[in-house]
file start_31.cif (mmCIF, C-alpha atoms)
data_data
loop_
_atom_site.label_atom_id
_atom_site.label_comp_id
_atom_site.auth_asym_id
_atom_site.auth_seq_id
_atom_site.Cartn_x
_atom_site.Cartn_y
_atom_site.Cartn_z
CA MET J 28 0.00 0.00 0.00
CA PHE J 29 1.47 3.33 -1.14
CA LEU J 30 1.73 6.20 1.23
CA ALA J 31 0.02 9.40 0.09
CA MET J 32 2.34 12.30 -0.75
CA PRO J 33 1.69 15.40 1.32
CA LYS J 34 -0.17 18.14 -0.59
CA GLN J 35 2.64 20.66 -0.09
CA LYS J 36 5.22 18.34 -1.74
CA LYS J 37 2.98 17.77 -4.80
CA VAL J 38 2.70 21.48 -5.42
CA PHE J 39 6.44 21.91 -5.00
CA SER J 40 7.22 19.09 -7.52
CA VAL J 41 4.91 20.56 -10.15
CA LEU J 42 6.39 24.02 -9.77
CA PHE J 43 9.91 22.56 -10.01
CA LEU J 44 9.33 20.35 -13.08
CA LEU J 45 7.18 22.80 -15.09
CA PRO J 46 10.05 25.11 -16.19
CA LEU J 47 12.13 22.10 -17.25
CA PHE J 48 9.22 20.76 -19.27
CA LEU J 49 8.64 24.11 -21.00
CA LEU J 50 12.37 24.44 -21.72
CA ALA J 51 12.43 21.00 -23.33
CA ILE J 52 9.48 21.94 -25.57
CA PHE J 53 11.20 25.20 -26.56
CA VAL J 54 14.51 23.47 -27.49
CA THR J 55 12.65 20.83 -29.51
CA VAL J 56 10.81 23.47 -31.51
CA ILE J 57 14.03 25.38 -32.16
CA ILE J 58 15.88 22.30 -33.41
CA PHE J 59 13.11 21.10 -35.72
CA SER J 60 12.66 24.55 -37.21
CA GLY J 61 16.37 24.88 -38.04
CA GLY J 62 16.58 27.78 -35.62
CA LEU J 63 19.79 26.62 -34.02
CA HIS J 64 21.63 29.05 -36.32
CA LEU J 65 19.89 31.89 -34.46
CA LEU J 66 21.33 30.79 -31.14
CA CYS J 67 24.89 30.46 -32.44
CA THR J 68 27.68 32.94 -32.80
CA LYS J 69 30.30 32.41 -35.49
CA ASN J 70 33.03 32.39 -32.85
CA GLU J 71 31.99 29.00 -31.53
CA PRO J 72 33.41 25.97 -33.45
CA ILE J 73 30.12 24.11 -33.92
CA CYS J 74 28.41 27.33 -34.97
CA ARG J 75 31.15 28.15 -37.47
CA TYR J 76 30.43 24.76 -39.08
CA LEU J 77 26.68 25.49 -39.15
CA HIS J 78 27.07 28.98 -40.59
CA ASN J 79 29.63 27.91 -43.22
CA SER J 80 28.01 24.66 -44.34
CA PRO J 81 26.41 24.90 -47.80
CA PRO J 82 22.76 23.97 -48.26
CA LYS J 83 22.29 20.29 -48.97
CA THR J 84 21.09 21.00 -52.50
CA GLU J 85 24.43 22.54 -53.60
CA THR J 86 27.24 20.54 -55.25
CA THR J 87 30.45 20.20 -53.27
CA ILE J 88 33.58 20.55 -55.43
CA PHE J 89 36.15 17.93 -54.38
CA LEU J 90 39.80 18.95 -54.12
CA SER J 91 38.91 22.43 -55.37
CA ILE J 92 38.83 21.18 -58.97
CA LYS J 93 36.15 23.03 -60.89
CA GLU J 94 33.59 20.79 -62.53
CA THR J 95 32.86 21.74 -66.14
CA ILE J 96 30.61 20.95 -69.05
CA PRO J 97 31.20 21.93 -72.65
CA ASN J 98 29.21 24.88 -74.00
CA SER J 99 30.28 23.97 -77.53
CA PRO J 100 32.58 21.41 -79.18
CA SER J 101 35.57 23.72 -78.78
CA THR J 102 34.70 25.63 -75.60
CA ASN J 103 34.71 24.37 -72.04
CA ARG J 104 33.47 26.50 -69.14
CA THR J 105 32.65 25.79 -65.54
CA SER J 106 29.32 24.51 -64.30
CA GLN J 107 28.36 23.32 -60.83
CA SER J 108 25.75 20.95 -62.24
CA THR J 109 28.40 18.63 -63.73
CA PRO J 110 28.89 15.25 -61.99
CA LYS J 111 32.05 14.79 -59.99
CA MET J 112 35.21 14.09 -61.95
CA PRO J 113 36.36 10.44 -61.71
CA ARG J 114 38.94 9.89 -59.00
CA LYS J 115 41.64 8.79 -61.48
CA ASP J 116 41.22 12.07 -63.37
CA ARG J 117 41.41 14.16 -60.20
CA LEU J 118 44.62 12.40 -59.25
CA TYR J 119 46.07 12.82 -62.72
CA LEU J 120 45.32 16.54 -62.70
CA ARG J 121 47.37 16.74 -59.52
CA ILE J 122 50.21 14.83 -61.15
CA ILE J 123 50.51 17.26 -64.07
CA HIS J 124 51.56 20.04 -61.72
CA PRO J 125 55.36 20.32 -61.88
CA ASN J 126 57.56 18.77 -59.23
CA ALA J 127 61.31 18.72 -58.61
CA ARG J 128 61.86 15.76 -60.93
CA SER J 129 59.62 16.84 -63.80
CA LYS J 130 61.15 20.33 -63.83
CA LEU J 131 64.44 18.71 -64.82
CA PHE J 132 62.95 17.02 -67.89
CA ALA J 133 64.54 19.32 -70.50
CA GLN J 134 67.93 19.12 -68.80
CA ARG J 135 67.79 15.35 -68.35
CA ALA J 136 66.68 14.81 -71.95
CA ALA J 137 69.52 16.99 -73.24
CA GLU J 138 72.05 15.14 -71.08
CA PHE J 139 70.63 11.78 -72.21
CA PHE J 140 71.01 12.56 -75.90
CA ASN J 141 74.26 14.54 -75.61
CA SER J 142 76.02 12.01 -73.39
CA LEU J 143 75.24 9.32 -75.93
CA ASN J 144 76.85 11.37 -78.66
CA LEU J 145 79.94 12.10 -76.54
CA ASN J 146 80.58 8.72 -74.95
CA ASN J 147 79.68 6.32 -77.72
CA ALA J 148 81.56 5.74 -80.93
CA SER J 149 78.26 5.47 -82.78
CA SER J 150 75.53 7.80 -81.56
CA CYS J 151 71.80 7.03 -81.77
CA ASN J 152 71.01 6.51 -85.41
CA LEU J 153 67.28 6.79 -84.60
CA THR J 154 65.42 8.32 -81.68
CA PHE J 155 62.29 6.58 -80.39
CA PHE J 156 59.72 7.80 -77.89
CA MET J 157 57.00 6.05 -75.90
CA THR J 158 54.57 7.26 -73.26
CA TRP J 159 53.32 5.35 -70.23
CA ILE J 160 50.47 6.85 -68.19
CA SER J 161 49.37 3.86 -66.11
CA PRO J 162 50.60 2.61 -62.72
CA LEU J 163 53.87 0.69 -62.90
CA LYS J 164 52.24 -2.62 -61.98
CA TYR J 165 50.62 -2.72 -65.43
CA PHE J 166 53.92 -2.41 -67.29
CA GLY J 167 54.22 -6.11 -68.00
CA ALA J 168 55.71 -8.73 -70.29
CA ARG J 169 53.98 -7.46 -73.42
CA GLU J 170 55.34 -3.91 -72.96
CA LEU J 171 58.84 -5.24 -72.26
CA VAL J 172 58.87 -7.44 -75.35
CA ALA J 173 57.78 -4.40 -77.38
CA ILE J 174 60.97 -2.68 -76.20
CA GLU J 175 62.93 -5.84 -77.00
CA SER J 176 61.59 -5.81 -80.55
CA LEU J 177 62.61 -2.16 -80.96
CA PHE J 178 66.22 -2.84 -80.00
CA LYS J 179 66.32 -6.15 -81.91
CA SER J 180 65.89 -4.13 -85.12
CA HIS J 181 67.71 -0.97 -83.93
CA GLN J 182 70.69 -1.82 -81.77
CA ASN J 183 72.12 1.70 -82.09
CA ALA J 184 68.84 3.51 -81.44
CA CYS J 185 67.87 5.28 -78.24
CA LEU J 186 64.50 5.17 -76.51
CA LEU J 187 63.08 7.79 -74.18
CA ILE J 188 59.94 6.78 -72.27
CA ILE J 189 57.85 9.74 -71.12
CA SER J 190 56.39 8.54 -67.84
CA SER J 191 56.10 9.62 -64.22
CA THR J 192 55.63 6.07 -62.95
CA MET J 193 58.50 4.57 -64.95
CA ASP J 194 60.76 7.36 -63.68
CA SER J 195 61.37 5.53 -60.42
CA LEU J 196 63.60 2.90 -58.82
CA LYS J 197 61.14 0.18 -59.80
CA GLY J 198 61.04 1.54 -63.33
CA VAL J 199 64.85 1.45 -63.55
CA LYS J 200 64.72 -2.15 -62.32
CA LEU J 201 62.37 -3.06 -65.17
CA LEU J 202 64.76 -1.49 -67.70
CA LYS J 203 67.91 -2.93 -66.12
CA PRO J 204 68.25 -5.90 -68.52
CA PHE J 205 68.40 -3.44 -71.43
CA LEU J 206 70.85 -1.14 -69.66
CA ASP J 207 73.07 -4.07 -68.65
CA ASN J 208 73.28 -5.09 -72.29
CA GLY J 209 74.31 -1.63 -73.46
CA PHE J 210 70.98 -0.50 -74.90
CA ARG J 211 70.22 3.18 -74.52
CA VAL J 212 66.90 3.65 -72.79
CA ALA J 213 65.64 6.03 -70.10
CA ALA J 214 62.34 7.08 -68.52
CA PHE J 215 61.75 10.71 -67.50
CA SER J 216 58.82 12.44 -65.83
CA PRO J 217 57.39 14.98 -68.30
CA ASP J 218 57.49 18.71 -67.72
CA TYR J 219 54.16 19.62 -69.28
CA GLU J 220 54.83 23.36 -69.02
CA TYR J 221 58.04 22.98 -70.99
CA LEU J 222 56.47 20.72 -73.59
CA VAL J 223 53.46 22.96 -74.29
CA SER J 224 55.42 26.22 -74.20
CA GLY J 225 55.40 28.00 -77.55
CA THR J 226 52.72 25.69 -78.98
CA PRO J 227 48.97 26.17 -79.59
CA ALA J 228 48.33 23.85 -76.60
CA GLU J 229 49.85 26.24 -74.06
CA THR J 230 46.61 28.11 -73.29
CA TRP J 231 44.56 24.89 -73.29
CA PHE J 232 46.89 23.27 -70.79
CA ASP J 233 46.77 26.31 -68.51
CA GLN J 234 42.97 26.14 -68.54
CA LEU J 235 43.10 22.42 -67.78
CA ARG J 236 45.22 22.99 -64.70
CA LYS J 237 42.82 25.66 -63.49
CA GLY J 238 39.88 23.29 -63.87
CA GLU J 239 38.41 25.25 -66.77
CA VAL J 240 38.45 22.32 -69.19
CA ASN J 241 35.97 19.49 -68.92
CA PRO J 242 38.10 16.29 -69.06
CA GLY J 243 35.04 14.25 -70.08
CA ASP J 244 34.39 10.55 -69.68
CA VAL J 245 37.55 9.35 -71.43
CA SER J 246 40.56 9.15 -69.13
CA ILE J 247 42.36 12.50 -69.05
CA GLY J 248 45.59 10.50 -68.85
CA GLN J 249 44.82 8.86 -72.19
CA ASN J 250 44.11 12.21 -73.80
CA LEU J 251 47.26 13.76 -72.33
CA SER J 252 49.18 10.85 -73.83
CA ASN J 253 47.67 11.80 -77.20
CA LEU J 254 48.95 15.33 -76.69
CA VAL J 255 52.38 14.47 -75.25
CA ARG J 256 53.32 12.27 -78.21
CA LEU J 257 52.66 15.22 -80.50
CA LEU J 258 54.56 17.68 -78.32
CA ILE J 259 57.58 15.40 -77.99
CA LEU J 260 57.76 14.86 -81.75
CA TYR J 261 57.43 18.59 -82.35
CA LYS J 262 60.13 19.50 -79.82
CA TYR J 263 62.64 16.77 -80.68
CA GLY J 264 61.64 14.93 -83.84
CA GLY J 265 61.89 11.17 -84.14
CA ILE J 266 59.66 8.13 -83.99
CA TYR J 267 56.75 7.64 -81.63
CA LEU J 268 55.51 4.13 -80.79
CA ASP J 269 52.75 2.90 -78.52
CA THR J 270 53.90 0.34 -75.96
CA ASP J 271 51.84 -2.38 -77.66
CA VAL J 272 53.63 -2.04 -81.00
CA ILE J 273 55.96 -4.89 -81.98
CA VAL J 274 58.73 -3.71 -84.31
CA MET J 275 59.37 -6.09 -87.22
CA LYS J 276 62.15 -4.36 -89.14
CA SER J 277 64.26 -1.23 -89.22
CA PHE J 278 62.55 2.15 -89.53
CA ASP J 279 65.66 3.56 -91.14
CA GLY J 280 64.53 5.33 -94.31
CA LEU J 281 61.08 6.26 -92.98
CA ARG J 282 60.58 10.00 -92.72
CA ASN J 283 57.55 12.20 -92.09
CA CYS J 284 55.00 9.43 -92.32
CA ILE J 285 51.92 8.13 -90.58
CA GLY J 286 50.03 4.90 -91.09
CA ALA J 287 46.54 4.23 -92.40
CA GLN J 288 44.44 1.98 -90.20
CA THR J 289 41.73 1.23 -92.76
CA ILE J 290 41.19 1.52 -96.51
CA ASP J 291 37.91 2.26 -98.28
CA ALA J 292 36.90 -0.85 -100.23
CA VAL J 293 35.47 1.20 -103.11
CA THR J 294 37.90 4.09 -103.55
CA HIS J 295 40.96 2.21 -102.23
CA GLN J 296 41.90 5.42 -100.38
CA TRP J 297 42.60 5.49 -96.68
CA SER J 298 39.52 6.05 -94.53
CA ARG J 299 41.19 6.34 -91.14
CA LEU J 300 44.68 7.01 -89.86
CA ASN J 301 46.11 6.11 -86.46
CA ASN J 302 48.53 7.79 -84.08
CA ALA J 303 50.09 4.66 -82.53
CA VAL J 304 53.11 5.00 -84.86
CA MET J 305 54.31 8.35 -86.18
CA VAL J 306 57.60 9.46 -87.74
CA PHE J 307 58.25 13.20 -88.07
CA ASP J 308 61.08 15.71 -88.23
CA LYS J 309 61.52 18.28 -85.48
CA LYS J 310 59.00 21.16 -85.72
CA HIS J 311 57.20 19.61 -88.64
CA PRO J 312 54.26 21.81 -89.72
CA LEU J 313 51.80 18.91 -89.80
CA VAL J 314 52.58 18.02 -86.19
CA LEU J 315 51.96 21.65 -85.30
CA GLU J 316 48.55 21.37 -86.99
CA PHE J 317 47.84 18.25 -84.93
CA ILE J 318 48.62 20.18 -81.73
CA ARG J 319 46.47 23.12 -82.82
CA GLU J 320 43.58 20.78 -83.59
CA PHE J 321 43.91 19.10 -80.19
CA ALA J 322 43.71 22.42 -78.33
CA SER J 323 40.89 23.92 -80.39
CA THR J 324 38.58 20.90 -80.69
CA PHE J 325 39.30 18.92 -77.51
CA ASP J 326 36.42 16.65 -76.53
CA GLY J 327 36.96 14.33 -73.59
CA ASN J 328 33.69 12.47 -74.08
CA LYS J 329 34.50 10.77 -77.39
CA TRP J 330 37.09 8.03 -77.45
CA GLY J 331 39.56 8.59 -80.28
CA HIS J 332 38.40 12.15 -81.00
CA ASN J 333 41.73 13.57 -79.75
CA GLY J 334 43.80 10.70 -81.17
CA PRO J 335 43.18 8.60 -84.31
CA TYR J 336 40.23 10.71 -85.44
CA LEU J 337 42.23 13.89 -84.88
CA VAL J 338 45.13 12.94 -87.15
CA SER J 339 42.65 11.63 -89.73
CA ARG J 340 40.64 14.83 -90.04
CA VAL J 341 43.71 17.08 -90.01
CA VAL J 342 45.52 15.17 -92.76
CA LEU J 343 42.33 15.11 -94.82
CA ARG J 344 41.87 18.87 -94.35
CA VAL J 345 45.45 19.98 -95.09
CA ALA J 346 46.23 17.44 -97.81
CA GLY J 347 48.24 19.20 -100.51
CA LYS J 348 48.44 22.47 -98.55
CA LEU J 349 51.66 21.83 -96.63
CA SER J 350 55.01 22.54 -98.24
CA SER J 351 56.59 19.49 -96.62
CA ASN J 352 55.70 16.13 -98.06
CA VAL J 353 53.96 13.62 -95.79
CA THR J 354 53.57 9.95 -96.64
CA VAL J 355 50.52 7.94 -95.59
CA LEU J 356 51.61 4.32 -95.45
CA PRO J 357 49.10 1.50 -96.15
CA PRO J 358 47.64 -0.52 -93.24
CA ILE J 359 50.08 -3.39 -93.78
CA ALA J 360 52.92 -1.10 -92.62
CA PHE J 361 51.81 -0.85 -88.96
CA TYR J 362 48.28 -2.24 -88.71
CA PRO J 363 48.21 -5.50 -90.69
CA LEU J 364 45.11 -6.52 -88.76
CA ASP J 365 42.41 -4.16 -87.53
CA TRP J 366 41.43 -4.14 -83.85
CA SER J 367 38.15 -5.91 -84.59
CA ARG J 368 40.02 -8.96 -85.94
CA ILE J 369 43.10 -8.96 -83.71
CA GLN J 370 42.00 -12.13 -81.94
CA VAL J 371 42.99 -14.30 -84.91
CA LEU J 372 46.66 -13.38 -84.34
CA PHE J 373 46.52 -14.92 -80.86
CA GLN J 374 44.88 -18.21 -81.89
CA GLY J 375 46.85 -21.37 -82.55
CA PRO J 376 46.26 -23.51 -85.66
CA ALA J 377 42.86 -25.23 -85.62
CA ASN J 378 43.13 -27.39 -88.75
CA GLY J 379 44.96 -27.70 -92.03
CA SER J 380 43.25 -24.85 -93.84
CA HIS J 381 43.69 -22.57 -90.85
CA THR J 382 47.37 -23.44 -90.71
CA ARG J 383 47.79 -22.54 -94.38
CA TRP J 384 46.01 -19.20 -93.83
CA MET J 385 48.25 -18.44 -90.83
CA THR J 386 51.38 -19.25 -92.83
CA GLN J 387 50.34 -16.94 -95.64
CA LYS J 388 49.35 -14.12 -93.26
CA LEU J 389 52.62 -14.39 -91.36
CA TYR J 390 54.56 -14.31 -94.65
CA TRP J 391 52.94 -11.02 -95.71
CA ILE J 392 53.48 -9.46 -92.29
CA GLN J 393 57.13 -10.45 -92.23
CA LYS J 394 57.59 -9.19 -95.79
CA SER J 395 55.64 -5.92 -95.71
CA SER J 396 55.11 -4.74 -92.11
CA PHE J 397 57.46 -2.43 -90.26
CA ALA J 398 55.54 -3.12 -87.06
CA VAL J 399 52.43 -4.83 -85.70
CA HIS J 400 50.02 -2.98 -83.43
CA LEU J 401 48.57 -5.48 -80.94
CA TRP J 402 45.64 -3.25 -79.94
CA ASN J 403 46.05 -3.82 -76.19
CA ARG J 404 42.74 -2.14 -75.49
CA GLU J 405 41.07 -5.10 -77.18
CA SER J 406 43.64 -7.88 -76.78
CA LYS J 407 45.05 -7.40 -73.27
CA SER J 408 42.93 -10.24 -71.89
CA MET J 409 43.61 -12.60 -74.82
CA ARG J 410 45.83 -15.57 -74.19
CA MET J 411 48.66 -16.06 -76.66
CA GLU J 412 48.35 -19.67 -77.84
CA GLN J 413 51.20 -21.93 -78.89
CA GLY J 414 51.84 -21.71 -82.63
CA SER J 415 49.84 -18.50 -83.06
CA ILE J 416 50.99 -15.76 -85.40
CA VAL J 417 51.78 -13.48 -82.46
CA ALA J 418 53.84 -16.19 -80.76
CA ARG J 419 55.88 -16.71 -83.93
CA ILE J 420 56.36 -12.95 -84.43
CA LEU J 421 57.54 -12.43 -80.87
CA SER J 422 59.88 -15.41 -81.10
CA ASP J 423 61.58 -13.67 -84.02
CA CYS J 424 61.62 -10.20 -82.43
CA CYS J 425 62.59 -10.89 -78.81
CA LEU J 426 66.00 -10.30 -77.20
CA PHE J 427 65.63 -12.14 -73.91
CA CYS J 428 63.49 -14.82 -75.46
CA ASN J 429 63.53 -17.50 -72.77
CA SER J 430 62.11 -15.18 -70.12
CA SER J 431 59.90 -12.93 -72.22
CA ILE J 432 58.12 -15.58 -74.31
CA LYS J 433 57.65 -17.77 -71.25
CA ALA J 434 56.03 -14.86 -69.42
CA LEU J 435 53.68 -14.17 -72.32
CA LEU J 436 52.56 -17.79 -72.60
CA HIS J 437 51.54 -18.01 -68.94
#

call {"tool": "encode", "arguments": {"input": "start_31.cif", "output": "structure tokens"}}
result
Amino acid sequence: MFLAMPKQKKVFSVLFLLPLFLLAIFVTVIIFSGGLHLLCTKNEPICRYLHNSPPKTETTIFLSIKETIPNSPSTNRTSQSTPKMPRKDRLYLRIIHPNARSKLFAQRAAEFFNSLNLNNASSCNLTFFMTWISPLKYFGARELVAIESLFKSHQNACLLIISSTMDSLKGVKLLKPFLDNGFRVAAFSPDYEYLVSGTPAETWFDQLRKGEVNPGDVSIGQNLSNLVRLLILYKYGGIYLDTDVIVMKSFDGLRNCIGAQTIDAVTHQWSRLNNAVMVFDKKHPLVLEFIREFASTFDGNKWGHNGPYLVSRVVLRVAGKLSSNVTVLPPIAFYPLDWSRIQVLFQGPANGSHTRWMTQKLYWIQKSSFAVHLWNRESKSMRMEQGSIVARILSDCCLFCNSSIKALLH
């Protein structure tokens, strides 16, 4: 049985609890109405956060990189309604800012070429360039055998790889077998400011760094590779090769040329060129037109627009207008098989008729091709079968055959 509370204590309890109850109601109303801002001063940490936080409907710009959308095919301006840039592109835009190593690119390149001329009885008879934009872990057996094939046909050539990831201790380790055997190869981090200086791409690159260019859906690294190969040829002159190009024979004698990827079946004229292999003199006017086209029509949403399609439309537009002659080589020179049919090069013989076809195809490649583009974008997951055309080509073009061919077959 409960004891009754004295009347005086009941009154006292009500009077004591009533203010607390009213205060709780007041605080609840304030919170739900968003009125907490009214009770804050900007000097308090939590209130500084509340006052400075953007409304939930606004877009937050990550890493202070401005999001952009194109207003026209050749103009890119900022817009806060654009989706966030892919993480790989944000990271790459940070990489293109100069650092202590990249700032030495011009000096290191000059020392690389000059030291070869001074310390070797026979200097580089040909200068090759490659670019590598991916992490080092992806530089594998196929890329290494591509370098092997280059030096198998050009023992007195020199190769400069434009790459930030290869310009490292691990990168030097990958190239050590070539260096130990006296081949002249190096990998340097690019100085983009130096490379674009004095070219039509200088303003475009400055806008890119400021976040005023929409990189688009295609990897900005891929598109910068398209640009760098042009800049390096314009600054130095020489031969550019993709890292999935297997060299079949000497390029000595090739000058100011580019290869056709496809031929029109009716007109027998080229219908598309490709930029995986290019040979040009220093400051060639056509290369300058390529750079100008890149900067003025950049579109990061269309694969190939700033690469193969770019060189195709420029050559078509300026054909006959340039004072310097340019040769367009037929597909057999560098692209004996189009990307859509590359799989047949990786397949082993299936039967007698297939074996005869393979023998004939290999004969024409060995006779007429300077190089074979393996189209890594399509073939990187394909297994190289025993007795395939690719296996036989690589067996002929390798330097360190026991290790390289074994790695490719497994």

call {"tool": "resolve_selection", "arguments": {"input": "start_31.cif", "expression": "the PyMOL selection byres ((chain J and resi 335-342) around 10)", "output": "VMD selection string"}}
result
chain J and resid 253 285 287 to 288 297 to 303 313 to 314 316 to 321 324 to 325 329 to 334 343 to 349 353 355

call {"tool": "atom_distance", "arguments": {"input": "start_31.cif", "atom1": "CA of Cys425 (chain J)", "atom2": "CA of Asp194 (chain J)"}}
result
23.8 Å

call {"tool": "resolve_selection", "arguments": {"input": "start_31.cif", "expression": "the PyMOL selection byres ((chain J and resi 209-219) around 6)", "output": "list of chain:residue names"}}
result
J:Ser129, J:Lys130, J:Phe132, J:Cys185, J:Leu186, J:Leu187, J:Ile188, J:Ile189, J:Ser190, J:Ser191, J:Met193, J:Asp194, J:Phe205, J:Leu206, J:Asp207, J:Asn208, J:Glu220, J:Tyr221, J:Leu222

call {"tool": "write_last_selection", "arguments": {"input": "start_31.cif", "atoms": "C-alpha atoms", "output": "PDB file, keeping the file's coordinate frame"}}
result
ATOM      1  CA  SER J 129      59.620  16.840 -63.800  1.00  0.00           C
ATOM      2  CA  LYS J 130      61.150  20.330 -63.830  1.00  0.00           C
ATOM      3  CA  PHE J 132      62.950  17.020 -67.890  1.00  0.00           C
ATOM      4  CA  CYS J 185      67.870   5.280 -78.240  1.00  0.00           C
ATOM      5  CA  LEU J 186      64.500   5.170 -76.510  1.00  0.00           C
ATOM      6  CA  LEU J 187      63.080   7.790 -74.180  1.00  0.00           C
ATOM      7  CA  ILE J 188      59.940   6.780 -72.270  1.00  0.00           C
ATOM      8  CA  ILE J 189      57.850   9.740 -71.120  1.00  0.00           C
ATOM      9  CA  SER J 190      56.390   8.540 -67.840  1.00  0.00           C
ATOM     10  CA  SER J 191      56.100   9.620 -64.220  1.00  0.00           C
ATOM     11  CA  MET J 193      58.500   4.570 -64.950  1.00  0.00           C
ATOM     12  CA  ASP J 194      60.760   7.360 -63.680  1.00  0.00           C
ATOM     13  CA  PHE J 205      68.400  -3.440 -71.430  1.00  0.00           C
ATOM     14  CA  LEU J 206      70.850  -1.140 -69.660  1.00  0.00           C
ATOM     15  CA  ASP J 207      73.070  -4.070 -68.650  1.00  0.00           C
ATOM     16  CA  ASN J 208      73.280  -5.090 -72.290  1.00  0.00           C
ATOM     17  CA  GLU J 220      54.830  23.360 -69.020  1.00  0.00           C
ATOM     18  CA  TYR J 221      58.040  22.980 -70.990  1.00  0.00           C
ATOM     19  CA  LEU J 222      56.470  20.720 -73.590  1.00  0.00           C
TER      20      LEU J 222
END

call {"tool": "closest_residue", "arguments": {"input": "start_31.cif", "among": "J:Phe139, J:Phe155, J:Phe373, J:Trp384", "to": "Val274 (chain J)", "atoms": "only C-alpha atoms"}}
result
J:Phe155

call {"tool": "closest_residue", "arguments": {"input": "start_31.cif", "among": "J:Met385, J:Val306, J:Leu254, J:Leu426", "to": "His181 (chain J)", "atoms": "only C-alpha atoms"}}
result
J:Leu426

call {"tool": "closest_residue", "arguments": {"input": "start_31.cif", "among": "J:Val417, J:Leu356, J:Arg404, J:Val304", "to": "Pro376 (chain J)", "atoms": "all atoms listed in the file"}}
result
J:Val417

call {"tool": "closest_residue", "arguments": {"input": "start_31.cif", "among": "J:Arg135, J:Thr382, J:Arg169, J:Lys388", "to": "Arg410 (chain J)", "atoms": "all atoms listed in the file"}}
result
J:Arg169

call {"tool": "atom_distance", "arguments": {"input": "start_31.cif", "atom1": "CA of Pro358 (chain J)", "atom2": "CA of His295 (chain J)"}}
result
11.5 Å

call {"tool": "resolve_selection", "arguments": {"input": "start_31.cif", "expression": "the PyMOL selection byres ((chain J and resi 245) around 8)", "output": "list in words"}}
result
Pro242, Gly243, Asp244, Ser246, Ile247, Gln249, Asn250, Gly327, Asn328, Lys329 and Trp330 of chain J

call {"tool": "closest_residue", "arguments": {"input": "start_31.cif", "among": "J:Arg419, J:Asp326, J:Ala360, J:Ile290", "to": "Asn241 (chain J)", "atoms": "only C-alpha atoms"}}
result
J:Asp326

call {"tool": "atom_distance", "arguments": {"input": "start_31.cif", "atom1": "CA of Tyr263 (chain J)", "atom2": "CA of Phe278 (chain J)"}}
result
17.1 Å

call {"tool": "closest_residue", "arguments": {"input": "start_31.cif", "among": "J:Val223, J:Thr154, J:Leu281, J:Ser323", "to": "Gly264 (chain J)", "atoms": "only C-alpha atoms"}}
result
J:Thr154

call {"tool": "residues_near_point", "arguments": {"input": "start_31.cif", "point": "(44.0, -4.9, -78.0)", "cutoff": "10 Å", "atoms": "all atoms listed in the file", "output": "short mmCIF file (atom, residue, chain, number, x, y, z; two decimals) with C-alpha atoms, in the frame of the given file"}}
result
data_model
loop_
_atom_site.label_atom_id
_atom_site.label_comp_id
_atom_site.auth_asym_id
_atom_site.auth_seq_id
_atom_site.Cartn_x
_atom_site.Cartn_y
_atom_site.Cartn_z
CA ASP J 271 51.84 -2.38 -77.66
CA ASP J 365 42.41 -4.16 -87.53
CA TRP J 366 41.43 -4.14 -83.85
CA SER J 367 38.15 -5.91 -84.59
CA ARG J 368 40.02 -8.96 -85.94
CA ILE J 369 43.10 -8.96 -83.71
CA GLN J 370 42.00 -12.13 -81.94
CA HIS J 400 50.02 -2.98 -83.43
CA LEU J 401 48.57 -5.48 -80.94
CA TRP J 402 45.64 -3.25 -79.94
CA ASN J 403 46.05 -3.82 -76.19
CA ARG J 404 42.74 -2.14 -75.49
CA GLU J 405 41.07 -5.10 -77.18
CA SER J 406 43.64 -7.88 -76.78
CA LYS J 407 45.05 -7.40 -73.27
CA SER J 408 42.93 -10.24 -71.89
CA MET J 409 43.61 -12.60 -74.82
#
